[in-house]
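**Q** This is the structure I want to talk about, given as C-alpha cells.
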Amino acid sequence: MAAQINPSILSADFARLADEAKAVEGADYLHVDVMDNHFVPNLTLGTPVVESLARATDIPLDCHLMIEDPDRWAPQYVEAGASSVTFHVEAAHAPVRLAREIRAKGARAAMALKPATPIESYEDMLPELDMLLIMTVEPGFGGQAFLDITLPKIRRTRDLIAKHGLQMWLQVDGGVSAETIERCAEAGADVFVAGSAVYGAQDPAEAVRALRAQADRAIADSTWACGH
Ligand code: DX5
Ligand code: ZN
C-alpha cells in the first residue's frame with residue numbers, strides 16, 4: 001500500500017485551524033488529538049471543534065482519543081464528522097463492542113496501544129479493526145523523541161496482519177520525522193502521523209510530500225511489502 005501521511009494539528013496554531021488544514025493540502029487525513037487531562041496529562045479539544053473543523057476542510061479527520069471511557073464518548077466523534085476514530089485499548093471497557101459501534105456508525109475503527117502495551121493479547125480481535133495505532137512515544141505531548149523500543153512490536157504486528165490476511169492499516173504516532181520514518185516503514189507501518197515534523201517546517205505541504213516519498217521508498221525496499 002502507498003504510504004499515508006496524517007499531519008497532527010496538535011502542533012498547529014489552534015486559533016487558525018481552518019488555515020492550518022489548508023496548509024497541508026494533499027495530506028491523507030488530518031490527525032486530531034483529543035486529550036481529557038485524565039488518560040493523559042494534557043487537555044485539548046472535544047466534539048464542537050471537530051464539528052467545526054469537519055465543515056472547514058475536505059481532508060478527512062482521523063480522531064485519536066486519548067481519553068478515559070471511550071466506550072461512552074467515541075461514537076459522538078463519528079457523529080461530529082470524523083472519518084476514522086481511534087480509542088486506546090488501555091482505556092476501553094469493551095473494545096470489540098466499541099469497534100463494532102464505530103463501524104456501524106460509518107467510520108473506520110482503530111485501536112491504539114501505548115509503548116508498553118503488548119499486541120499479542122489482541123491478535124484475535126484484529127479483524128474487528130480498520131487500523132491499529134502503535135504509539136511511538138508516551139501519549140500526551142507533541143515534539144517528543146521517537147522510542148526505538150517500539151520497532152519490534154511494529155514488526156510483530158505486521159507479521160500478524162499478514163498471518164491473518166488482513167487489509168488493516170498500521171499507524172505510528174509520535175516522533176515521526178525525516179530521521180525516523182524509514183525505520184517505521186521498514187518495520188511495517190504504512191500510516192504515519194507527524195506533528196512537529198510537518199507544522200514545524202517552512203512549507204508544511206512540502207513536508208508532507210517529502211515524508212510520503214521517503215516512506216514509499218522504504219516500504220518498496222522492505223521485506224514485508226515484497227509481492228504487494
Ligand atoms: C502525542 C500525539 C501525537 C502528537 C505527535 O500524544 O498523539 O499525535 O501530535 O507529535 P510529534 O509528531 O511532534 O511527535
Ligand atoms: Zn495522536
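Residue numbers start at 1 in each chain; chains themselves are named A, B, ... in the order of the C-alpha cells; ligands are numbered from 1 in the order shown.
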Just list as an mmCIF file with N, CA and C atoms, in the first residue's frame whatever in range 52-225 of chain A DSSP marks as helix (DSSP H, G or I).

**A**
```cif
data_model
loop_
_atom_site.group_PDB
_atom_site.id
_atom_site.type_symbol
_atom_site.label_atom_id
_atom_site.label_comp_id
_atom_site.auth_asym_id
_atom_site.auth_seq_id
_atom_site.Cartn_x
_atom_site.Cartn_y
_atom_site.Cartn_z
ATOM 1 N N SER A 52 -16.649 21.772 13.765
ATOM 2 C CA SER A 52 -16.271 22.976 13.003
ATOM 3 C C SER A 52 -15.182 22.655 11.994
ATOM 4 N N LEU A 53 -14.217 21.868 12.420
ATOM 5 C CA LEU A 53 -13.101 21.517 11.536
ATOM 6 C C LEU A 53 -13.594 20.684 10.351
ATOM 7 N N ALA A 54 -14.526 19.769 10.604
ATOM 8 C CA ALA A 54 -15.071 18.928 9.525
ATOM 9 C C ALA A 54 -15.761 19.795 8.475
ATOM 10 N N ARG A 55 -16.377 20.897 8.918
ATOM 11 C CA ARG A 55 -17.024 21.814 7.968
ATOM 12 C C ARG A 55 -15.996 22.656 7.220
ATOM 13 N N ALA A 56 -14.835 22.878 7.852
ATOM 14 C CA ALA A 56 -13.857 23.827 7.304
ATOM 15 C C ALA A 56 -12.864 23.194 6.335
ATOM 16 N N PRO A 70 -13.701 5.745 26.546
ATOM 17 C CA PRO A 70 -14.018 5.952 25.130
ATOM 18 C C PRO A 70 -15.310 5.244 24.731
ATOM 19 N N ASP A 71 -15.689 4.196 25.487
ATOM 20 C CA ASP A 71 -16.945 3.483 25.177
ATOM 21 C C ASP A 71 -18.117 4.459 25.153
ATOM 22 N N ARG A 72 -18.029 5.447 26.046
ATOM 23 C CA ARG A 72 -19.116 6.420 26.135
ATOM 24 C C ARG A 72 -18.990 7.529 25.092
ATOM 25 N N TRP A 73 -17.750 7.975 24.799
ATOM 26 C CA TRP A 73 -17.573 9.198 24.005
ATOM 27 C C TRP A 73 -17.242 8.978 22.537
ATOM 28 N N ALA A 74 -16.586 7.871 22.201
ATOM 29 C CA ALA A 74 -16.085 7.703 20.823
ATOM 30 C C ALA A 74 -17.185 7.819 19.755
ATOM 31 N N PRO A 75 -18.365 7.202 19.963
ATOM 32 C CA PRO A 75 -19.394 7.305 18.908
ATOM 33 C C PRO A 75 -19.767 8.751 18.577
ATOM 34 N N GLN A 76 -19.670 9.638 19.561
ATOM 35 C CA GLN A 76 -20.012 11.049 19.302
ATOM 36 C C GLN A 76 -19.039 11.715 18.329
ATOM 37 N N TYR A 77 -17.811 11.187 18.263
ATOM 38 C CA TYR A 77 -16.841 11.754 17.332
ATOM 39 C C TYR A 77 -17.174 11.364 15.897
ATOM 40 N N VAL A 78 -17.806 10.203 15.712
ATOM 41 C CA VAL A 78 -18.279 9.844 14.367
ATOM 42 C C VAL A 78 -19.382 10.817 13.973
ATOM 43 N N GLU A 79 -20.311 11.055 14.891
ATOM 44 C CA GLU A 79 -21.414 11.990 14.605
ATOM 45 C C GLU A 79 -20.885 13.398 14.347
ATOM 46 N N PRO A 95 -13.620 -3.288 24.093
ATOM 47 C CA PRO A 95 -13.076 -2.831 22.800
ATOM 48 C C PRO A 95 -13.747 -3.430 21.568
ATOM 49 N N VAL A 96 -14.188 -4.680 21.652
ATOM 50 C CA VAL A 96 -14.830 -5.288 20.480
ATOM 51 C C VAL A 96 -16.169 -4.603 20.205
ATOM 52 N N ARG A 97 -16.948 -4.425 21.280
ATOM 53 C CA ARG A 97 -18.246 -3.753 21.105
ATOM 54 C C ARG A 97 -18.052 -2.329 20.583
ATOM 55 N N LEU A 98 -17.037 -1.652 21.119
ATOM 56 C CA LEU A 98 -16.800 -0.267 20.715
ATOM 57 C C LEU A 98 -16.378 -0.185 19.245
ATOM 58 N N ALA A 99 -15.472 -1.068 18.821
ATOM 59 C CA ALA A 99 -15.039 -1.059 17.412
ATOM 60 C C ALA A 99 -16.243 -1.297 16.496
ATOM 61 N N ARG A 100 -17.104 -2.226 16.893
ATOM 62 C CA ARG A 100 -18.296 -2.504 16.060
ATOM 63 C C ARG A 100 -19.229 -1.295 16.004
ATOM 64 N N GLU A 101 -19.330 -0.602 17.113
ATOM 65 C CA GLU A 101 -20.225 0.559 17.148
ATOM 66 C C GLU A 101 -19.694 1.675 16.240
ATOM 67 N N ILE A 102 -18.380 1.893 16.278
ATOM 68 C CA ILE A 102 -17.774 2.936 15.431
ATOM 69 C C ILE A 102 -18.003 2.597 13.953
ATOM 70 N N ARG A 103 -17.785 1.328 13.594
ATOM 71 C CA ARG A 103 -18.012 0.913 12.207
ATOM 72 C C ARG A 103 -19.479 1.048 11.823
ATOM 73 N N ALA A 104 -20.350 0.640 12.727
ATOM 74 C CA ALA A 104 -21.789 0.688 12.424
ATOM 75 C C ALA A 104 -22.242 2.125 12.182
ATOM 76 N N GLU A 120 0.152 -8.932 21.467
ATOM 77 C CA GLU A 120 -0.229 -10.353 21.398
ATOM 78 C C GLU A 120 -1.617 -10.639 21.974
ATOM 79 N N SER A 121 -1.995 -9.960 23.054
ATOM 80 C CA SER A 121 -3.303 -10.235 23.667
ATOM 81 C C SER A 121 -4.468 -9.902 22.730
ATOM 82 N N TYR A 122 -4.209 -9.116 21.696
ATOM 83 C CA TYR A 122 -5.307 -8.616 20.856
ATOM 84 C C TYR A 122 -5.340 -9.258 19.472
ATOM 85 N N GLU A 123 -4.533 -10.295 19.274
ATOM 86 C CA GLU A 123 -4.458 -10.928 17.944
ATOM 87 C C GLU A 123 -5.843 -11.322 17.432
ATOM 88 N N ASP A 124 -6.638 -11.927 18.291
ATOM 89 C CA ASP A 124 -7.933 -12.446 17.827
ATOM 90 C C ASP A 124 -8.921 -11.345 17.442
ATOM 91 N N MET A 125 -8.727 -10.126 17.955
ATOM 92 C CA MET A 125 -9.704 -9.075 17.619
ATOM 93 C C MET A 125 -9.260 -8.186 16.454
ATOM 94 N N LEU A 126 -8.108 -8.475 15.863
ATOM 95 C CA LEU A 126 -7.632 -7.629 14.758
ATOM 96 C C LEU A 126 -8.651 -7.507 13.611
ATOM 97 N N PRO A 127 -9.393 -8.572 13.269
ATOM 98 C CA PRO A 127 -10.364 -8.420 12.167
ATOM 99 C C PRO A 127 -11.485 -7.413 12.466
ATOM 100 N N GLU A 128 -11.629 -7.027 13.723
ATOM 101 C CA GLU A 128 -12.657 -6.041 14.097
ATOM 102 C C GLU A 128 -12.213 -4.610 13.786
ATOM 103 N N ASP A 148 12.648 3.926 19.995
ATOM 104 C CA ASP A 148 13.046 2.781 19.160
ATOM 105 C C ASP A 148 12.592 1.437 19.719
ATOM 106 N N ILE A 149 12.315 1.380 21.028
ATOM 107 C CA ILE A 149 11.873 0.112 21.625
ATOM 108 C C ILE A 149 10.533 -0.354 21.049
ATOM 109 N N THR A 150 9.824 0.536 20.321
ATOM 110 C CA THR A 150 8.526 0.128 19.761
ATOM 111 C C THR A 150 8.677 -0.595 18.410
ATOM 112 N N LEU A 151 9.877 -0.553 17.823
ATOM 113 C CA LEU A 151 10.051 -1.136 16.481
ATOM 114 C C LEU A 151 9.770 -2.642 16.424
ATOM 115 N N PRO A 152 10.237 -3.438 17.424
ATOM 116 C CA PRO A 152 9.915 -4.875 17.359
ATOM 117 C C PRO A 152 8.409 -5.131 17.393
ATOM 118 N N LYS A 153 7.659 -4.313 18.130
ATOM 119 C CA LYS A 153 6.201 -4.501 18.173
ATOM 120 C C LYS A 153 5.566 -4.165 16.821
ATOM 121 N N ILE A 154 6.090 -3.159 16.141
ATOM 122 C CA ILE A 154 5.584 -2.835 14.792
ATOM 123 C C ILE A 154 5.817 -4.047 13.875
ATOM 124 N N ARG A 155 7.002 -4.639 13.973
ATOM 125 C CA ARG A 155 7.316 -5.825 13.149
ATOM 126 C C ARG A 155 6.375 -6.980 13.453
ATOM 127 N N ARG A 156 6.182 -7.249 14.762
ATOM 128 C CA ARG A 156 5.324 -8.392 15.141
ATOM 129 C C ARG A 156 3.877 -8.150 14.697
ATOM 130 N N THR A 157 3.440 -6.877 14.766
ATOM 131 C CA THR A 157 2.075 -6.566 14.344
ATOM 132 C C THR A 157 1.929 -6.765 12.835
ATOM 133 N N ARG A 158 2.918 -6.328 12.074
ATOM 134 C CA ARG A 158 2.864 -6.517 10.615
ATOM 135 C C ARG A 158 2.806 -8.013 10.279
ATOM 136 N N ASP A 159 3.546 -8.825 11.041
ATOM 137 C CA ASP A 159 3.512 -10.279 10.816
ATOM 138 C C ASP A 159 2.115 -10.838 11.097
ATOM 139 N N LEU A 160 1.478 -10.356 12.162
ATOM 140 C CA LEU A 160 0.126 -10.837 12.496
ATOM 141 C C LEU A 160 -0.876 -10.443 11.412
ATOM 142 N N ILE A 161 -0.734 -9.222 10.880
ATOM 143 C CA ILE A 161 -1.636 -8.762 9.812
ATOM 144 C C ILE A 161 -1.491 -9.685 8.593
ATOM 145 N N ALA A 162 -0.252 -10.034 8.270
ATOM 146 C CA ALA A 162 -0.002 -10.925 7.128
ATOM 147 C C ALA A 162 -0.535 -12.330 7.418
ATOM 148 N N LYS A 163 -0.260 -12.810 8.632
ATOM 149 C CA LYS A 163 -0.678 -14.171 9.006
ATOM 150 C C LYS A 163 -2.192 -14.348 8.847
ATOM 151 N N ILE A 181 11.196 8.076 9.988
ATOM 152 C CA ILE A 181 10.074 7.490 9.232
ATOM 153 C C ILE A 181 10.482 6.218 8.488
ATOM 154 N N GLU A 182 11.745 6.170 8.031
ATOM 155 C CA GLU A 182 12.172 4.982 7.283
ATOM 156 C C GLU A 182 12.227 3.752 8.180
ATOM 157 N N ARG A 183 12.664 3.956 9.425
ATOM 158 C CA ARG A 183 12.700 2.826 10.374
ATOM 159 C C ARG A 183 11.296 2.274 10.605
ATOM 160 N N CYS A 184 10.323 3.189 10.727
ATOM 161 C CA CYS A 184 8.932 2.763 10.955
ATOM 162 C C CYS A 184 8.404 2.009 9.735
ATOM 163 N N ALA A 185 8.677 2.541 8.554
ATOM 164 C CA ALA A 185 8.172 1.927 7.317
ATOM 165 C C ALA A 185 8.814 0.565 7.102
ATOM 166 N N GLU A 186 10.090 0.491 7.351
ATOM 167 C CA GLU A 186 10.808 -0.785 7.167
ATOM 168 C C GLU A 186 10.257 -1.837 8.131
ATOM 169 N N ALA A 187 9.860 -1.395 9.330
ATOM 170 C CA ALA A 187 9.338 -2.335 10.340
ATOM 171 C C ALA A 187 7.909 -2.787 10.016
ATOM 172 N N SER A 196 5.162 17.871 14.755
ATOM 173 C CA SER A 196 6.197 18.900 14.650
ATOM 174 C C SER A 196 6.963 18.816 13.331
ATOM 175 N N ALA A 197 7.124 17.598 12.776
ATOM 176 C CA ALA A 197 7.877 17.461 11.515
ATOM 177 C C ALA A 197 7.140 18.122 10.351
ATOM 178 N N VAL A 198 5.815 18.277 10.457
ATOM 179 C CA VAL A 198 5.051 18.935 9.384
ATOM 180 C C VAL A 198 4.846 20.411 9.715
ATOM 181 N N TYR A 199 4.260 20.682 10.892
ATOM 182 C CA TYR A 199 3.915 22.080 11.190
ATOM 183 C C TYR A 199 5.119 22.914 11.623
ATOM 184 N N PRO A 204 4.647 23.303 5.170
ATOM 185 C CA PRO A 204 4.059 22.061 5.677
ATOM 186 C C PRO A 204 3.594 21.101 4.577
ATOM 187 N N ALA A 205 3.025 21.634 3.470
ATOM 188 C CA ALA A 205 2.558 20.752 2.389
ATOM 189 C C ALA A 205 3.733 20.028 1.741
ATOM 190 N N GLU A 206 4.846 20.744 1.600
ATOM 191 C CA GLU A 206 6.047 20.127 1.025
ATOM 192 C C GLU A 206 6.617 19.073 1.986
ATOM 193 N N ALA A 207 6.527 19.344 3.288
ATOM 194 C CA ALA A 207 6.998 18.362 4.279
ATOM 195 C C ALA A 207 6.183 17.075 4.175
ATOM 196 N N VAL A 208 4.868 17.208 3.942
ATOM 197 C CA VAL A 208 4.013 16.022 3.775
ATOM 198 C C VAL A 208 4.475 15.222 2.555
ATOM 199 N N ARG A 209 4.701 15.918 1.448
ATOM 200 C CA ARG A 209 5.122 15.221 0.217
ATOM 201 C C ARG A 209 6.476 14.525 0.406
ATOM 202 N N ALA A 210 7.403 15.221 1.077
ATOM 203 C CA ALA A 210 8.745 14.653 1.266
ATOM 204 C C ALA A 210 8.693 13.426 2.182
ATOM 205 N N LEU A 211 7.907 13.513 3.258
ATOM 206 C CA LEU A 211 7.795 12.362 4.171
ATOM 207 C C LEU A 211 7.162 11.180 3.449
ATOM 208 N N ARG A 212 6.130 11.462 2.615
ATOM 209 C CA ARG A 212 5.452 10.375 1.904
ATOM 210 C C ARG A 212 6.417 9.690 0.927
ATOM 211 N N ALA A 213 7.205 10.491 0.211
ATOM 212 C CA ALA A 213 8.153 9.916 -0.757
ATOM 213 C C ALA A 213 9.182 9.045 -0.039
ATOM 214 N N GLN A 214 9.653 9.538 1.108
ATOM 215 C CA GLN A 214 10.638 8.786 1.892
ATOM 216 C C GLN A 214 10.034 7.456 2.369
ATOM 217 N N ALA A 215 8.801 7.509 2.881
ATOM 218 C CA ALA A 215 8.148 6.300 3.397
ATOM 219 C C ALA A 215 7.847 5.331 2.250
ATOM 220 N N ASP A 216 7.409 5.864 1.099
ATOM 221 C CA ASP A 216 7.108 4.992 -0.044
ATOM 222 C C ASP A 216 8.360 4.215 -0.473
ATOM 223 N N ARG A 217 9.489 4.913 -0.504
ATOM 224 C CA ARG A 217 10.740 4.231 -0.895
ATOM 225 C C ARG A 217 11.094 3.147 0.111
ATOM 226 N N ALA A 218 10.949 3.464 1.407
ATOM 227 C CA ALA A 218 11.313 2.489 2.447
ATOM 228 C C ALA A 218 10.377 1.277 2.408
ATOM 229 N N ILE A 219 9.079 1.515 2.120
ATOM 230 C CA ILE A 219 8.135 0.386 2.035
ATOM 231 C C ILE A 219 8.494 -0.490 0.826
ATOM 232 N N ALA A 220 8.809 0.168 -0.311
ATOM 233 C CA ALA A 220 9.152 -0.592 -1.517
ATOM 234 C C ALA A 220 10.383 -1.471 -1.279
ATOM 235 N N ASP A 221 11.319 -0.984 -0.465
ATOM 236 C CA ASP A 221 12.555 -1.734 -0.189
ATOM 237 C C ASP A 221 12.394 -2.744 0.947
#
```

**Q** Could I get the residues of chain A with an atom no further than 10 Å from an atom of ligand 1, each paired with its nearest atom pair and that distance in Å to one decimal, using only C-alpha atoms and all ligand atoms, sorted by chain and residue number, as JSON lines?

**A**
```
{"residue": "A:Asn6", "atom": "CA", "partner": "ligand 1", "partner_atom_place_in_ligand_line": "8 (O)", "distance": 9.1}
{"residue": "A:Pro7", "atom": "CA", "partner": "ligand 1", "partner_atom_place_in_ligand_line": "12 (O)", "distance": 7.9}
{"residue": "A:Ser8", "atom": "CA", "partner": "ligand 1", "partner_atom_place_in_ligand_line": "9 (O)", "distance": 4.9}
{"residue": "A:Ile9", "atom": "CA", "partner": "ligand 1", "partner_atom_place_in_ligand_line": "9 (O)", "distance": 6.7}
{"residue": "A:Leu10", "atom": "CA", "partner": "ligand 1", "partner_atom_place_in_ligand_line": "9 (O)", "distance": 4.7}
{"residue": "A:Ser11", "atom": "CA", "partner": "ligand 1", "partner_atom_place_in_ligand_line": "9 (O)", "distance": 6.2}
{"residue": "A:Ala12", "atom": "CA", "partner": "ligand 1", "partner_atom_place_in_ligand_line": "9 (O)", "distance": 9.2}
{"residue": "A:His31", "atom": "CA", "partner": "ligand 1", "partner_atom_place_in_ligand_line": "8 (O)", "distance": 6.7}
{"residue": "A:Val32", "atom": "CA", "partner": "ligand 1", "partner_atom_place_in_ligand_line": "8 (O)", "distance": 7.3}
{"residue": "A:Asp33", "atom": "CA", "partner": "ligand 1", "partner_atom_place_in_ligand_line": "7 (O)", "distance": 5.7}
{"residue": "A:Val34", "atom": "CA", "partner": "ligand 1", "partner_atom_place_in_ligand_line": "7 (O)", "distance": 8.3}
{"residue": "A:Met35", "atom": "CA", "partner": "ligand 1", "partner_atom_place_in_ligand_line": "6 (O)", "distance": 8.4}
{"residue": "A:Val40", "atom": "CA", "partner": "ligand 1", "partner_atom_place_in_ligand_line": "6 (O)", "distance": 8.1}
{"residue": "A:Pro41", "atom": "CA", "partner": "ligand 1", "partner_atom_place_in_ligand_line": "6 (O)", "distance": 9.9}
{"residue": "A:Asn42", "atom": "CA", "partner": "ligand 1", "partner_atom_place_in_ligand_line": "6 (O)", "distance": 9.0}
{"residue": "A:Cys63", "atom": "CA", "partner": "ligand 1", "partner_atom_place_in_ligand_line": "8 (O)", "distance": 9.6}
{"residue": "A:His64", "atom": "CA", "partner": "ligand 1", "partner_atom_place_in_ligand_line": "7 (O)", "distance": 6.7}
{"residue": "A:Leu65", "atom": "CA", "partner": "ligand 1", "partner_atom_place_in_ligand_line": "7 (O)", "distance": 8.5}
{"residue": "A:Met66", "atom": "CA", "partner": "ligand 1", "partner_atom_place_in_ligand_line": "7 (O)", "distance": 7.6}
{"residue": "A:Ala112", "atom": "CA", "partner": "ligand 1", "partner_atom_place_in_ligand_line": "7 (O)", "distance": 9.8}
{"residue": "A:Lys114", "atom": "CA", "partner": "ligand 1", "partner_atom_place_in_ligand_line": "6 (O)", "distance": 9.6}
{"residue": "A:Leu133", "atom": "CA", "partner": "ligand 1", "partner_atom_place_in_ligand_line": "7 (O)", "distance": 9.9}
{"residue": "A:Met135", "atom": "CA", "partner": "ligand 1", "partner_atom_place_in_ligand_line": "7 (O)", "distance": 7.5}
{"residue": "A:Thr136", "atom": "CA", "partner": "ligand 1", "partner_atom_place_in_ligand_line": "14 (O)", "distance": 8.3}
{"residue": "A:Val137", "atom": "CA", "partner": "ligand 1", "partner_atom_place_in_ligand_line": "1 (C)", "distance": 7.0}
{"residue": "A:Glu138", "atom": "CA", "partner": "ligand 1", "partner_atom_place_in_ligand_line": "6 (O)", "distance": 6.5}
{"residue": "A:Pro139", "atom": "CA", "partner": "ligand 1", "partner_atom_place_in_ligand_line": "6 (O)", "distance": 3.3}
{"residue": "A:Gly140", "atom": "CA", "partner": "ligand 1", "partner_atom_place_in_ligand_line": "6 (O)", "distance": 3.8}
{"residue": "A:Phe141", "atom": "CA", "partner": "ligand 1", "partner_atom_place_in_ligand_line": "1 (C)", "distance": 4.6}
{"residue": "A:Gly142", "atom": "CA", "partner": "ligand 1", "partner_atom_place_in_ligand_line": "10 (O)", "distance": 3.5}
{"residue": "A:Gly143", "atom": "CA", "partner": "ligand 1", "partner_atom_place_in_ligand_line": "13 (O)", "distance": 3.6}
{"residue": "A:Gln144", "atom": "CA", "partner": "ligand 1", "partner_atom_place_in_ligand_line": "14 (O)", "distance": 5.2}
{"residue": "A:Ala145", "atom": "CA", "partner": "ligand 1", "partner_atom_place_in_ligand_line": "14 (O)", "distance": 7.0}
{"residue": "A:Phe146", "atom": "CA", "partner": "ligand 1", "partner_atom_place_in_ligand_line": "14 (O)", "distance": 7.3}
{"residue": "A:Val172", "atom": "CA", "partner": "ligand 1", "partner_atom_place_in_ligand_line": "8 (O)", "distance": 9.0}
{"residue": "A:Asp173", "atom": "CA", "partner": "ligand 1", "partner_atom_place_in_ligand_line": "8 (O)", "distance": 5.5}
{"residue": "A:Gly174", "atom": "CA", "partner": "ligand 1", "partner_atom_place_in_ligand_line": "14 (O)", "distance": 3.6}
{"residue": "A:Gly175", "atom": "CA", "partner": "ligand 1", "partner_atom_place_in_ligand_line": "14 (O)", "distance": 3.7}
{"residue": "A:Val176", "atom": "CA", "partner": "ligand 1", "partner_atom_place_in_ligand_line": "12 (O)", "distance": 5.3}
{"residue": "A:Ser177", "atom": "CA", "partner": "ligand 1", "partner_atom_place_in_ligand_line": "12 (O)", "distance": 7.1}
{"residue": "A:Phe192", "atom": "CA", "partner": "ligand 1", "partner_atom_place_in_ligand_line": "12 (O)", "distance": 9.1}
{"residue": "A:Val193", "atom": "CA", "partner": "ligand 1", "partner_atom_place_in_ligand_line": "8 (O)", "distance": 6.2}
{"residue": "A:Ala194", "atom": "CA", "partner": "ligand 1", "partner_atom_place_in_ligand_line": "12 (O)", "distance": 3.9}
{"residue": "A:Gly195", "atom": "CA", "partner": "ligand 1", "partner_atom_place_in_ligand_line": "12 (O)", "distance": 3.5}
{"residue": "A:Ser196", "atom": "CA", "partner": "ligand 1", "partner_atom_place_in_ligand_line": "13 (O)", "distance": 3.8}
{"residue": "A:Ala197", "atom": "CA", "partner": "ligand 1", "partner_atom_place_in_ligand_line": "12 (O)", "distance": 6.0}
{"residue": "A:Val198", "atom": "CA", "partner": "ligand 1", "partner_atom_place_in_ligand_line": "12 (O)", "distance": 7.8}
{"residue": "A:Tyr199", "atom": "CA", "partner": "ligand 1", "partner_atom_place_in_ligand_line": "13 (O)", "distance": 8.6}
{"residue": "A:Gly200", "atom": "CA", "partner": "ligand 1", "partner_atom_place_in_ligand_line": "13 (O)", "distance": 8.6}
```

**Q** Quick one: pick out all strand (DSSP E or B) residues within range 3-70 of chain A from a backbone DSSP run and write them as a list in words.

**A** Gln4, Ile5, Asn6, Pro7, Ser8, Leu30, His31, Val32, Asp33, Val34, Met35, Asp36, Leu43, Leu61, Asp62, Cys63, His64, Leu65 and Met66 of chain A

**Q** Given the choices A:Ser222, A:Gln171, A:Gln4, A:Thr117, which gets closest to ligand 2 if the distance is worked out from only C-alpha atoms and all ligand atoms?

**A**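 Among the listed residues, the smallest separation from ligand 2 belongs to A:Gln171.
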
**Q** Of the candidates A:Val85, A:Cys226, A:Ala94, A:Ala109, which shows the shortest atom-to-atom distance to ligand 2, using only C-alpha atoms and all ligand atoms?

**A**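 So, comparing all the options, the nearest one is A:Val85.
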
**Q** So, with only C-alpha atoms and all ligand atoms as the atoms that count, which of A:Asp130, A:Asp28, A:Glu179, A:Asp62 lies closest to ligand 2?

**A**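 Of A:Asp130, A:Asp28, A:Glu179, A:Asp62, the one nearest ligand 2 is A:Asp62, counting only C-alpha atoms and all ligand atoms.
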
**Q** Considering only C-alpha atoms and all ligand atoms, state which residue in the set A:Ile134, A:Ile119, A:Ala18, A:Val24 is at the smallest distance from ligand 2.

**A**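 Checking each of A:Ile134, A:Ile119, A:Ala18, A:Val24 against ligand 2, counting only C-alpha atoms and all ligand atoms, the winner is A:Ile134.
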
**Q** Name the closest residue to ligand 2 among the candidates A:Ala15, A:Ala189, A:Met111, A:Ala2; distances are taken between atoms, counting only C-alpha atoms and all ligand atoms.

**A**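 So, comparing all the options, the nearest one is A:Met111.
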
**Q** Could you check the closest approach to ligand 2 for each of A:His38, A:Met168, A:Lys22, A:Leu61 and tell me which residue wins, using only C-alpha atoms and all ligand atoms?

**A**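 So, comparing all the options, the nearest one is A:Leu61.
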
**Q** Take CA of Thr223 in chain A and CA of Leu30 in chain A and report the distance between them in Å, one decimal.

**A**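 CA of Thr223 in chain A sits 28.8 Å away from CA of Leu30 in chain A.
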
**Q** Provide the CA of Thr44 in chain A to CA of Ala3 in chain A distance in Å, to one decimal place.

**A** 27.5 Å

**Q** Between CA of Gln167 in chain A and CA of Ala91 in chain A, measure the distance and give it in Å to one decimal.

**A** 25.1 Å
